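Engineer: Quick one, final.tsv (TSV, C-alpha atoms):
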chain	number	residue	atom	x	y	z
Q	1	MET	CA	0.00	0.00	0.00
Q	2	ILE	CA	1.11	3.51	-0.61
Q	3	ASN	CA	0.45	5.18	2.71
Q	4	MET	CA	0.68	8.58	1.09
Q	5	LYS	CA	3.65	8.77	3.45
Q	6	GLU	CA	5.16	5.31	3.08
Q	7	LYS	CA	5.44	2.87	0.20
Q	8	LYS	CA	5.53	-0.82	1.04
Q	9	PRO	CA	7.32	-3.27	-1.24
Q	10	GLN	CA	4.96	-5.41	-3.31
Q	11	LYS	CA	5.41	-9.06	-4.11
Q	12	GLU	CA	6.25	-9.85	-7.71
Q	13	ARG	CA	6.44	-13.20	-9.42
Q	14	GLU	CA	7.25	-14.14	-12.95
Q	15	SER	CA	3.78	-14.77	-14.30
Q	16	HIS	CA	0.28	-14.17	-13.07
Q	17	GLY	CA	-3.25	-14.52	-14.29
Q	18	VAL	CA	-4.39	-17.01	-16.89
Q	19	GLN	CA	-1.56	-18.14	-19.12
Q	20	LEU	CA	-2.28	-19.39	-22.61
Q	21	LEU	CA	0.27	-21.72	-24.17
Q	22	LEU	CA	0.46	-22.95	-27.75
Q	23	ARG	CA	2.22	-26.09	-28.98
Q	24	ALA	CA	2.37	-27.31	-32.57
Q	25	VAL	CA	3.49	-30.83	-33.45
Q	26	VAL	CA	3.98	-32.11	-37.00
Q	27	ARG	CA	3.89	-35.87	-37.58
Q	28	ASP	CA	4.44	-37.92	-40.71
Q	29	SER	CA	1.96	-40.42	-42.07
Q	30	GLU	CA	3.37	-43.07	-39.70
Q	31	GLY	CA	2.82	-40.86	-36.67
Q	32	ARG	CA	6.49	-40.08	-36.19
Q	33	VAL	CA	7.19	-36.59	-34.85
Q	34	ILE	CA	8.88	-34.37	-37.43
Q	35	SER	CA	8.84	-31.16	-35.43
Q	36	ASP	CA	7.57	-30.00	-32.05
Q	37	THR	CA	7.56	-26.39	-30.91
Q	38	GLY	CA	6.97	-27.29	-27.28
Q	39	ARG	CA	4.59	-25.15	-25.28
Q	40	LYS	CA	5.22	-21.50	-26.04
Q	41	PRO	CA	3.44	-18.54	-24.45
Q	42	SER	CA	0.53	-17.26	-26.48
Q	43	ARG	CA	-0.39	-13.67	-25.81
Q	44	SER	CA	-3.38	-13.51	-28.03
Q	45	PHE	CA	-6.68	-13.61	-26.24
Q	46	VAL	CA	-8.70	-11.06	-28.18
Q	47	ILE	CA	-11.35	-8.68	-26.88
Q	48	GLN	CA	-14.27	-11.04	-27.52
Q	49	PHE	CA	-13.05	-13.40	-24.80
Q	50	LEU	CA	-12.89	-10.68	-22.17
Q	51	GLU	CA	-16.29	-9.36	-23.26
Q	52	TYR	CA	-17.81	-12.78	-22.74
Q	53	VAL	CA	-16.21	-13.11	-19.31
Q	54	TYR	CA	-17.53	-9.65	-18.45
Q	55	TRP	CA	-21.08	-10.59	-19.36
Q	56	LYS	CA	-20.89	-13.92	-17.57
Q	57	PHE	CA	-19.59	-12.17	-14.45
Q	58	SER	CA	-22.00	-9.24	-14.57
Q	59	SER	CA	-24.95	-11.37	-15.69
Q	60	PRO	CA	-27.09	-8.73	-17.41
Q	61	ALA	CA	-30.68	-9.52	-18.27
Q	62	ALA	CA	-30.34	-8.23	-21.83
Q	63	VAL	CA	-28.77	-10.00	-24.79
Q	64	GLN	CA	-25.20	-8.92	-25.49
Q	65	ASP	CA	-23.36	-8.77	-28.79
Q	66	ALA	CA	-19.74	-8.98	-29.81
Q	67	THR	CA	-17.97	-8.74	-33.15
Q	68	ASP	CA	-18.29	-12.07	-34.92
Q	69	ILE	CA	-16.01	-13.55	-37.57
Q	70	LEU	CA	-18.00	-11.74	-40.28
Q	71	ASN	CA	-17.34	-8.40	-38.56
Q	72	ALA	CA	-20.98	-8.11	-37.52
Q	73	GLU	CA	-22.24	-7.46	-34.00
Q	74	GLU	CA	-23.98	-10.68	-33.06
Q	75	GLU	CA	-25.21	-12.42	-29.90
Q	76	ILE	CA	-22.53	-13.91	-27.71
Q	77	TYR	CA	-24.50	-13.84	-24.44
Q	78	GLY	CA	-28.13	-14.23	-23.42
Q	79	GLY	CA	-31.26	-13.93	-25.54
Q	80	ASP	CA	-31.95	-16.92	-27.76
Q	81	LEU	CA	-28.71	-18.53	-26.59
Q	82	ARG	CA	-30.29	-19.33	-23.24
Q	83	SER	CA	-32.17	-22.20	-24.82
Q	84	ALA	CA	-29.70	-22.94	-27.62
Q	85	THR	CA	-28.00	-26.30	-27.90
Q	86	GLU	CA	-24.70	-24.64	-28.81
Q	87	TYR	CA	-23.43	-21.85	-26.63
Q	88	PHE	CA	-19.81	-20.68	-26.57
Q	89	ARG	CA	-18.84	-24.12	-27.83
Q	90	VAL	CA	-15.25	-24.96	-28.76
Q	91	LYS	CA	-15.76	-28.71	-28.81
Q	92	ALA	CA	-16.21	-29.55	-32.51
Q	93	ALA	CA	-16.77	-32.66	-34.57
Q	94	VAL	CA	-14.57	-34.15	-37.28
Q	95	ASN	CA	-14.63	-32.12	-40.53
Q	96	GLU	CA	-16.12	-29.10	-38.79
Q	97	ASP	CA	-14.04	-26.06	-39.76
Q	98	ALA	CA	-16.40	-23.30	-38.60
Q	99	TYR	CA	-15.35	-23.43	-34.95
Q	100	GLY	CA	-13.05	-25.05	-32.43
Q	101	VAL	CA	-9.30	-24.74	-32.88
Q	102	VAL	CA	-8.63	-23.27	-36.31
Q	103	ILE	CA	-5.50	-22.59	-38.35
Q	104	GLY	CA	-4.62	-20.36	-41.25
Q	105	THR	CA	-2.01	-19.01	-43.61
Q	106	GLY	CA	-2.13	-15.33	-42.70
Q	107	ASP	CA	0.69	-13.59	-40.88
Q	108	THR	CA	-0.70	-10.13	-40.21
Q	109	ALA	CA	0.40	-9.17	-36.72
Q	110	ALA	CA	-1.98	-10.15	-33.94
Q	111	ASP	CA	-4.13	-7.38	-32.49
Q	112	ASN	CA	-6.36	-7.09	-29.43
Q	113	GLU	CA	-9.33	-6.47	-31.69
Q	114	ASP	CA	-8.82	-9.28	-34.20
Q	115	TYR	CA	-12.17	-10.88	-34.89
Q	116	LYS	CA	-11.06	-13.70	-37.20
Q	117	LEU	CA	-8.04	-15.46	-38.61
Q	118	GLU	CA	-6.63	-13.62	-41.60
Q	119	THR	CA	-6.88	-16.61	-43.97
Q	120	LYS	CA	-8.45	-19.64	-42.35
Q	121	ILE	CA	-7.70	-23.04	-43.85
Q	122	ALA	CA	-10.92	-24.74	-44.90
Q	123	GLU	CA	-11.95	-28.34	-44.41
Q	124	GLY	CA	-11.24	-30.66	-47.33
Q	125	THR	CA	-8.67	-32.38	-49.47
Q	126	GLY	CA	-8.51	-29.77	-52.21
Q	127	ALA	CA	-5.66	-27.39	-52.82
Q	128	GLY	CA	-4.85	-25.46	-49.65
Q	129	GLN	CA	-7.32	-27.43	-47.56
Q	130	MET	CA	-6.80	-29.72	-44.58
Q	131	THR	CA	-8.91	-32.38	-42.89
Q	132	HIS	CA	-10.07	-31.27	-39.46
Q	133	GLY	CA	-10.11	-33.77	-36.62
Q	134	GLN	CA	-12.24	-33.31	-33.52
Q	135	SER	CA	-11.64	-30.24	-31.41
Q	136	VAL	CA	-11.32	-31.85	-28.00
Q	137	VAL	CA	-11.61	-30.11	-24.64
Q	138	GLU	CA	-9.73	-32.15	-22.04
Q	139	ASP	CA	-10.54	-32.32	-18.34
Q	140	THR	CA	-9.09	-29.58	-16.14
Q	141	GLY	CA	-6.55	-30.90	-13.68
Q	142	GLU	CA	-3.48	-30.24	-11.59
Q	143	VAL	CA	-0.26	-30.82	-13.49
Q	144	GLY	CA	2.68	-30.32	-11.18
Q	145	ALA	CA	2.36	-26.89	-9.65
Q	146	ASN	CA	-0.15	-25.73	-12.24
Q	147	VAL	CA	-3.77	-26.21	-13.19
Q	148	ASP	CA	-4.12	-26.94	-16.91
Q	149	LEU	CA	-7.01	-27.04	-19.34
Q	150	ASP	CA	-6.00	-28.40	-22.76
Q	151	ILE	CA	-7.82	-27.99	-26.06
Q	152	VAL	CA	-6.44	-30.15	-28.86
Q	153	ARG	CA	-7.08	-30.61	-32.58
Q	154	ILE	CA	-5.36	-32.57	-35.35
Q	155	PHE	CA	-5.26	-31.28	-38.93
Q	156	THR	CA	-4.17	-33.64	-41.71
Q	157	ASN	CA	-2.95	-32.58	-45.13
Q	158	PHE	CA	-4.32	-34.70	-47.99
Q	159	SER	CA	-4.14	-31.88	-50.51
Q	160	GLY	CA	-1.23	-33.33	-52.46
Q	161	ALA	CA	1.06	-30.41	-51.71
Q	162	THR	CA	2.75	-28.72	-48.77
Q	163	ILE	CA	0.67	-26.21	-46.78
Q	164	THR	CA	2.41	-23.55	-44.73
Q	165	VAL	CA	0.57	-22.68	-41.52
Q	166	LYS	CA	1.25	-19.26	-40.01
Q	167	GLU	CA	-1.63	-18.57	-37.65
Q	168	ALA	CA	-3.86	-20.41	-35.20
Q	169	GLY	CA	-6.81	-19.52	-33.04
Q	170	ILE	CA	-10.00	-20.56	-31.31
Q	171	TYR	CA	-13.52	-19.89	-32.60
Q	172	VAL	CA	-16.58	-20.42	-30.43
Q	173	TYR	CA	-20.01	-21.35	-31.77
Q	174	SER	CA	-23.16	-19.86	-30.30
Q	175	ASN	CA	-26.39	-20.82	-32.01
Q	176	THR	CA	-25.85	-19.42	-35.52
Q	177	HIS	CA	-22.84	-17.19	-34.87
Q	178	HIS	CA	-19.11	-17.69	-34.53
Q	179	HIS	CA	-16.75	-15.53	-32.51
Q	180	CYS	CA	-12.97	-15.55	-32.38
Q	181	ILE	CA	-11.60	-15.56	-28.82
Q	182	VAL	CA	-7.92	-16.31	-29.54
Q	183	ARG	CA	-5.66	-15.56	-32.49
Q	184	ASP	CA	-1.93	-16.19	-32.67
Q	185	VAL	CA	0.57	-15.59	-35.39
Q	186	LEU	CA	2.99	-18.49	-35.01
Q	187	PRO	CA	6.57	-17.58	-34.06
Q	188	ALA	CA	7.73	-19.44	-37.17
Q	189	ALA	CA	5.79	-20.73	-40.16
Q	190	ILE	CA	5.17	-24.48	-40.10
Q	191	ASP	CA	5.29	-26.55	-43.28
Q	192	VAL	CA	2.88	-29.46	-43.29
Q	193	VAL	CA	3.89	-31.78	-46.09
Q	194	ASP	CA	1.28	-33.84	-47.95
Q	195	LYS	CA	0.03	-36.80	-45.86
Q	196	CYS	CA	1.45	-35.25	-42.68
Q	197	SER	CA	-0.56	-33.95	-39.73
Q	198	LEU	CA	-0.36	-30.89	-37.52
Q	199	THR	CA	-1.61	-31.10	-33.93
Q	200	ILE	CA	-2.36	-27.83	-32.16
Q	201	TYR	CA	-2.46	-27.85	-28.36
Q	202	TYR	CA	-3.81	-24.80	-26.57
Q	203	THR	CA	-3.26	-24.88	-22.80
Q	204	PHE	CA	-5.05	-22.57	-20.40
Q	205	ARG	CA	-2.89	-22.53	-17.26
Q	206	THR	CA	-3.25	-21.03	-13.81
Q	207	ALA	CA	-0.88	-21.33	-10.88
Q	208	VAL	CA	-0.92	-19.73	-7.47
W	209	MET	CA	-2.47	-14.30	-21.36
W	210	ILE	CA	-5.06	-12.75	-19.13
W	211	GLU	CA	-2.95	-10.75	-16.73
W	212	THR	CA	-4.76	-10.21	-13.46
W	213	TYR	CA	-4.09	-7.59	-10.82
W	214	TYR	CA	-5.71	-6.47	-7.62
W	215	ARG	CA	-5.65	-3.04	-6.05
W	216	LEU	CA	-6.64	-2.06	-2.52
W	217	GLN	CA	-7.64	1.48	-1.74
W	218	ILE	CA	-8.56	2.95	1.64
W	219	HIS	CA	-10.61	6.11	1.92
W	220	ASP	CA	-11.27	7.96	5.14
W	221	ARG	CA	-14.67	9.14	6.37
W	222	GLU	CA	-14.35	12.23	4.20
W	223	GLY	CA	-13.75	10.16	1.11
W	224	VAL	CA	-10.10	11.11	0.91
W	225	LEU	CA	-7.81	8.42	-0.43
W	226	VAL	CA	-5.37	7.62	2.34
W	227	ARG	CA	-3.71	4.44	1.06
W	228	ASP	CA	-3.38	2.78	-2.33
W	229	SER	CA	-1.57	-0.46	-3.07
W	230	GLY	CA	-1.31	0.26	-6.77
W	231	GLU	CA	-1.71	-2.70	-9.11
W	232	VAL	CA	-0.40	-5.88	-7.49
W	233	PRO	CA	-0.12	-9.05	-9.59
W	234	SER	CA	-2.73	-11.62	-8.59
W	235	HIS	CA	-1.44	-15.16	-8.75
W	236	SER	CA	-4.29	-16.98	-7.35
W	237	TYR	CA	-6.85	-18.30	-9.73
W	238	VAL	CA	-7.94	-21.59	-8.21
W	239	ILE	CA	-8.91	-24.75	-10.04
W	240	GLN	CA	-12.60	-23.93	-10.08
W	241	PHE	CA	-11.94	-21.08	-12.52
W	242	LEU	CA	-10.60	-23.30	-15.28
W	243	GLU	CA	-13.23	-25.93	-14.50
W	244	MET	CA	-15.83	-23.26	-15.16
W	245	VAL	CA	-14.15	-22.25	-18.43
W	246	GLU	CA	-14.00	-25.94	-19.38
W	247	GLY	CA	-17.75	-26.17	-18.86
W	248	TRP	CA	-18.29	-23.08	-21.00
W	249	VAL	CA	-16.19	-24.16	-23.99
W	250	ASN	CA	-17.20	-27.81	-23.78
W	251	ASP	CA	-20.82	-26.66	-23.57
W	252	GLU	CA	-21.54	-29.35	-20.99
W	253	ASN	CA	-22.41	-29.71	-17.34
W	254	LYS	CA	-19.34	-29.38	-15.16
W	255	ILE	CA	-18.94	-30.29	-11.51
W	256	ALA	CA	-16.55	-28.45	-9.20
W	257	THR	CA	-15.88	-28.09	-5.49
W	258	ASP	CA	-18.06	-25.39	-3.98
W	259	VAL	CA	-17.44	-23.19	-0.94
W	260	ASP	CA	-19.00	-25.85	1.28
W	261	ASN	CA	-16.53	-28.45	-0.04
W	262	ALA	CA	-19.30	-30.23	-1.92
W	263	GLU	CA	-19.16	-31.25	-5.60
W	264	THR	CA	-21.80	-29.19	-7.37
W	265	ARG	CA	-22.43	-27.82	-10.85
W	266	ILE	CA	-20.43	-24.80	-11.92
W	267	ALA	CA	-21.51	-24.83	-15.61
W	268	TRP	CA	-24.56	-26.06	-17.49
W	269	ASP	CA	-24.96	-27.60	-20.92
W	270	THR	CA	-28.00	-25.57	-21.91
W	271	GLY	CA	-30.85	-23.56	-20.50
W	272	PHE	CA	-29.20	-22.36	-17.32
W	273	ASP	CA	-25.69	-21.56	-18.45
W	274	ASP	CA	-26.30	-17.81	-18.28
W	275	PHE	CA	-26.59	-18.33	-14.56
W	276	SER	CA	-23.09	-19.72	-14.12
W	277	GLY	CA	-20.22	-17.45	-13.29
W	278	ASP	CA	-22.39	-14.66	-11.89
W	279	ILE	CA	-20.47	-12.39	-9.52
W	280	ASN	CA	-22.80	-9.41	-9.78
W	281	ALA	CA	-23.71	-9.25	-6.10
W	282	VAL	CA	-25.96	-6.54	-4.75
W	283	ALA	CA	-25.31	-4.51	-1.63
W	284	GLY	CA	-25.50	-6.66	1.47
W	285	ASP	CA	-24.80	-9.93	-0.34
W	286	ASP	CA	-21.69	-11.54	1.12
W	287	ASN	CA	-22.24	-14.90	-0.58
W	288	HIS	CA	-20.72	-14.00	-3.92
W	289	GLY	CA	-18.83	-11.34	-5.81
W	290	ILE	CA	-15.63	-9.95	-4.39
W	291	VAL	CA	-15.22	-11.04	-0.77
W	292	VAL	CA	-12.64	-10.29	1.90
W	293	GLY	CA	-11.37	-12.16	4.92
W	294	THR	CA	-9.04	-12.24	7.88
W	295	ASN	CA	-7.25	-15.52	7.06
W	296	THR	CA	-7.00	-16.41	10.72
W	297	GLY	CA	-5.84	-19.98	9.98
W	298	PRO	CA	-3.82	-18.91	8.17
W	299	THR	CA	-4.30	-20.77	4.90
W	300	ALA	CA	-1.71	-20.34	2.17
W	301	GLU	CA	-2.68	-19.78	-1.45
W	302	ASP	CA	-3.17	-23.10	-3.20
W	303	ASN	CA	-4.55	-24.25	-6.54
W	304	LEU	CA	-7.15	-26.27	-4.66
W	305	ASN	CA	-8.45	-23.56	-2.32
W	306	TYR	CA	-12.24	-23.68	-2.43
W	307	LYS	CA	-13.12	-20.95	0.06
W	308	LEU	CA	-11.59	-18.05	1.93
W	309	ASP	CA	-10.04	-19.15	5.19
W	310	THR	CA	-12.11	-16.73	7.26
W	311	LYS	CA	-14.56	-14.69	5.26
W	312	ILE	CA	-15.80	-11.46	6.81
W	313	LEU	CA	-19.57	-11.30	6.85
W	314	HIS	CA	-21.85	-8.42	5.97
W	315	SER	CA	-23.50	-6.15	8.48
W	316	ALA	CA	-25.41	-2.98	7.79
W	317	VAL	CA	-25.49	-2.06	11.47
W	318	GLY	CA	-21.81	-2.16	12.36
W	319	ALA	CA	-21.75	-5.57	14.06
W	320	ALA	CA	-18.36	-6.47	15.50
W	321	GLY	CA	-15.94	-7.98	13.03
W	322	LYS	CA	-18.23	-7.39	10.06
W	323	LEU	CA	-18.15	-5.04	7.11
W	324	ASN	CA	-20.91	-3.37	5.14
W	325	TYR	CA	-20.73	-4.95	1.68
W	326	GLN	CA	-21.62	-2.60	-1.18
W	327	ALA	CA	-22.77	-3.66	-4.64
W	328	MET	CA	-20.31	-4.90	-7.23
W	329	THR	CA	-19.29	-2.33	-9.83
W	330	TRP	CA	-17.71	-2.68	-13.26
W	331	VAL	CA	-15.82	-0.98	-15.99
W	332	ALA	CA	-16.51	-2.92	-19.19
W	333	PRO	CA	-13.65	-4.17	-21.39
W	334	ARG	CA	-12.08	-1.25	-23.23
W	335	THR	CA	-8.78	-0.27	-24.76
W	336	VAL	CA	-6.31	1.16	-22.27
W	337	GLY	CA	-3.09	1.97	-24.04
W	338	LEU	CA	-1.97	-1.26	-25.66
W	339	ASN	CA	-4.24	-3.39	-23.48
W	340	ILE	CA	-7.85	-4.41	-23.10
W	341	ASP	CA	-8.86	-4.03	-19.45
W	342	LEU	CA	-11.88	-5.24	-17.50
W	343	ASP	CA	-12.20	-3.79	-13.99
W	344	ILE	CA	-14.26	-5.44	-11.27
W	345	SER	CA	-14.61	-3.74	-7.93
W	346	ARG	CA	-16.41	-3.66	-4.62
W	347	THR	CA	-16.35	-1.35	-1.62
W	348	PHE	CA	-16.60	-2.41	2.02
W	349	LEU	CA	-17.49	0.00	4.84
W	350	ASN	CA	-16.19	-0.42	8.36
W	351	GLU	CA	-18.85	0.80	10.74
W	352	THR	CA	-17.86	-1.35	13.73
W	353	GLY	CA	-16.13	1.24	15.86
W	354	GLY	CA	-12.90	-0.75	15.70
W	355	THR	CA	-10.22	-1.77	13.23
W	356	ILE	CA	-10.58	-4.80	10.95
W	357	THR	CA	-7.47	-6.20	9.32
W	358	ILE	CA	-7.88	-7.73	5.86
W	359	LYS	CA	-5.49	-10.56	4.97
W	360	GLU	CA	-7.23	-12.30	2.09
W	361	ILE	CA	-9.49	-11.39	-0.81
W	362	GLY	CA	-11.22	-13.40	-3.49
W	363	ILE	CA	-14.05	-13.84	-5.97
W	364	ILE	CA	-16.97	-16.22	-5.53
W	365	THR	CA	-19.41	-17.06	-8.33
W	366	TRP	CA	-23.08	-17.83	-8.00
W	367	GLY	CA	-24.82	-20.34	-10.22
W	368	TYR	CA	-28.27	-21.71	-10.84
W	369	GLU	CA	-29.39	-24.00	-7.99
W	370	ASP	CA	-27.65	-21.57	-5.59
W	371	TYR	CA	-24.21	-23.08	-5.72
W	372	TYR	CA	-21.26	-20.87	-4.86
W	373	HIS	CA	-17.74	-21.49	-6.13
W	374	LEU	CA	-14.49	-19.73	-5.32
W	375	ILE	CA	-12.57	-18.91	-8.50
W	376	LEU	CA	-9.83	-16.65	-7.20
W	377	ARG	CA	-8.16	-16.10	-3.83
W	378	ASP	CA	-5.25	-13.85	-2.92
W	379	VAL	CA	-3.48	-13.62	0.40
W	380	VAL	CA	-2.63	-9.94	0.73
W	381	GLU	CA	-0.40	-7.88	2.95
W	382	ASP	CA	-2.19	-6.93	6.15
W	383	GLU	CA	-4.53	-4.07	5.44
W	384	ALA	CA	-6.01	-2.36	8.50
W	385	VAL	CA	-9.35	-0.72	7.86
W	386	ASP	CA	-10.13	1.66	10.68
W	387	ASP	CA	-13.58	2.61	11.85
W	388	ALA	CA	-15.41	4.82	9.32
W	389	GLU	CA	-12.93	3.97	6.60
W	390	THR	CA	-13.81	2.18	3.40
W	391	LEU	CA	-11.84	-0.50	1.59
W	392	THR	CA	-12.23	-0.80	-2.17
W	393	VAL	CA	-10.93	-3.91	-3.90
W	394	VAL	CA	-10.38	-3.64	-7.65
W	395	TYR	CA	-9.52	-6.65	-9.80
W	396	THR	CA	-8.28	-5.91	-13.31
W	397	LEU	CA	-8.30	-8.59	-16.02
W	398	ARG	CA	-6.06	-7.54	-18.90
W	399	THR	CA	-5.32	-8.96	-22.31
W	400	ILE	CA	-2.23	-7.89	-24.21
W	401	VAL	CA	-1.44	-9.09	-27.69
Since I need it in another form, could you write the structure as structure tokens?

Structural biologist:
Amino acid sequence: MINMKEKKPQKERESHGVQLLLRAVVRDSEGRVISDTGRKPSRSFVIQFLEYVYWKFSSPAAVQDATDILNAEEEIYGGDLRSATEYFRVKAAVNEDAYGVVIGTGDTAADNEDYKLETKIAEGTGAGQMTHGQSVVEDTGEVGANVDLDIVRIFTNFSGATITVKEAGIYVYSNTHHHCIVRDVLPAAIDVVDKCSLTIYYTFRTAV
Amino acid sequence: MIETYYRLQIHDREGVLVRDSGEVPSHSYVIQFLEMVEGWVNDENKIATDVDNAETRIAWDTGFDDFSGDINAVAGDDNHGIVVGTNTGPTAEDNLNYKLDTKILHSAVGAAGKLNYQAMTWVAPRTVGLNIDLDISRTFLNETGGTITIKEIGIITWGYEDYYHLILRDVVEDEAVDDAETLTVVYTLRTIV
């Protein structure tokens, strides 16, 4: 406390809050690891995530909008979503490229107000497309001194050519709308050769 | 990264700021926070340890999910929102904390050892320099005639079916709140690209 007369020292530790970590692993068609970035800090929660947390915390009666991936202000909280089957959903089925963990080829610098990936890779086996596995939300648990929540998705390249991935993120699905809550430009572009897979691990981590 | 800070401010009976901690890094999200987020993004029911050490729902699959994560407590409500305590145990910060060690209760008539809990207040997410900040705050009045020393603070959520879950707890440097003074606790959640 600053006592207007006296300033006490404050404790300071290396990290605080909710960390977000990103790991990208490339495997060949036999499942052998070709490259692994390890878990690297991701700094790229975007404003839509904090807006959702704000509305969950403050619990207003009225519907609340946020900028969706089409740059339109659409429901992210309340209203019709209260009875919707899908609400802020990241868990996604195989071949679903509209939400869950997503990847892309854009490398425009990340910004607090990003509302979509620059150039999202679509589902498929055509040129520039990748097959999307399930977007899986793991159980939260203590891992060493931390508490981790992992979200994982595997993308496989059957396009016949190498695809270079430069960005990743998380889209949520609420009724008929999609919102971006995380976007990262990868520290280094990742080449995914034909028949190889890319697994993206996002880890939400807290630690006292 | 969602950087999280707390700030403690003491005002005297005239409303003059007499002490201010400045922004102090908060390290103490507890496991229930990520369990709640898991329930949100998985869009499923999620069970977590509540403040009574019982396993109860912290997130819903549909229908009631808007009623999970509510910390918007009104004046006089000491069950959820930002809460403060004396940590008489004391209990150290731990990932598995599920309640404050010794929560201070509300009193509007200056009962001994109690504080007058005001309503939660907010500043919605907005750009602050290079950041996006969300501020969450609450003021507590000491009308007891004596001094109350705060040693822990935290946030408790309310959910449908009246379950309460601790999502954040910080052990703080002793903060003496004298009679007629007010304590304001401000949590700031901050994203930085």

Engineer: Would you mind listing, as number ranges by chain, all residues of chain Q that have at least one atom within 6 Å of chain W, where only C-alpha atoms are what counts?

Structural biologist: Q: 1-3, 16-20, 43-44, 56-59, 82-83, 88-91, 111-112, 140, 208

Engineer: Keeping only C-alpha atoms, write those residues as a PDB file, in the coordinates of the input.

Structural biologist:
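For reference, again.pdb as written:
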ATOM      1  CA  MET Q   1       0.000   0.000   0.000  1.00  0.00           C
ATOM      2  CA  ILE Q   2       1.110   3.510  -0.610  1.00  0.00           C
ATOM      3  CA  ASN Q   3       0.450   5.180   2.710  1.00  0.00           C
ATOM      4  CA  HIS Q  16       0.280 -14.170 -13.070  1.00  0.00           C
ATOM      5  CA  GLY Q  17      -3.250 -14.520 -14.290  1.00  0.00           C
ATOM      6  CA  VAL Q  18      -4.390 -17.010 -16.890  1.00  0.00           C
ATOM      7  CA  GLN Q  19      -1.560 -18.140 -19.120  1.00  0.00           C
ATOM      8  CA  LEU Q  20      -2.280 -19.390 -22.610  1.00  0.00           C
ATOM      9  CA  ARG Q  43      -0.390 -13.670 -25.810  1.00  0.00           C
ATOM     10  CA  SER Q  44      -3.380 -13.510 -28.030  1.00  0.00           C
ATOM     11  CA  LYS Q  56     -20.890 -13.920 -17.570  1.00  0.00           C
ATOM     12  CA  PHE Q  57     -19.590 -12.170 -14.450  1.00  0.00           C
ATOM     13  CA  SER Q  58     -22.000  -9.240 -14.570  1.00  0.00           C
ATOM     14  CA  SER Q  59     -24.950 -11.370 -15.690  1.00  0.00           C
ATOM     15  CA  ARG Q  82     -30.290 -19.330 -23.240  1.00  0.00           C
ATOM     16  CA  SER Q  83     -32.170 -22.200 -24.820  1.00  0.00           C
ATOM     17  CA  PHE Q  88     -19.810 -20.680 -26.570  1.00  0.00           C
ATOM     18  CA  ARG Q  89     -18.840 -24.120 -27.830  1.00  0.00           C
ATOM     19  CA  VAL Q  90     -15.250 -24.960 -28.760  1.00  0.00           C
ATOM     20  CA  LYS Q  91     -15.760 -28.710 -28.810  1.00  0.00           C
ATOM     21  CA  ASP Q 111      -4.130  -7.380 -32.490  1.00  0.00           C
ATOM     22  CA  ASN Q 112      -6.360  -7.090 -29.430  1.00  0.00           C
ATOM     23  CA  THR Q 140      -9.090 -29.580 -16.140  1.00  0.00           C
ATOM     24  CA  VAL Q 208      -0.920 -19.730  -7.470  1.00  0.00           C
TER      25      VAL Q 208
END

Engineer: With a distance cut-off of 12 Å and only C-alpha atoms, select the neighbouring residues of W:Leu391, excluding the residue or stretch itself and same-chain residues fewer than 4 positions from it, and output the selection as a PyMOL selection string.

Structural biologist: (chain Q and resi 1) or (chain W and resi 215-221+223-229+290-292+323-326+345-351+355-358+361+383-387)

Engineer: Report, in Å to a single decimal, how far apart atom CA of W:Trp268 and atom CA of Q:Thr199 are.

Structural biologist: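 Distance reported for this atom pair: 28.7 Å.
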
Engineer: Counting all atoms listed in the file, which residues come within 12 Å of (-31.4, -19.2, -29.1), with the point read in the file's coordinates, and could you list them as a list in words?

Structural biologist: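 I get Val63, Glu74, Glu75, Ile76, Tyr77, Gly78, Gly79, Asp80, Leu81, Arg82, Ser83, Ala84, Thr85, Glu86, Tyr87, Phe88, Tyr173, Ser174, Asn175, Thr176 and His177 of chain Q; Thr270 and Gly271 of chain W for the residues within 12 Å of that point.
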
Engineer: Using the file's own x, y and z axes, so that the box edges lie along x, y and z, what centre and edge lengths in Å (one decimal) does a box around every listed atom of stretch 245-260 of chain W get when 4 Å is added on each side? Give it as AutoDock Vina command-line options.

Structural biologist:
--center_x -18.2 --center_y -26.3 --center_z -11.4 --size_x 16.4 --size_y 16.0 --size_z 33.3
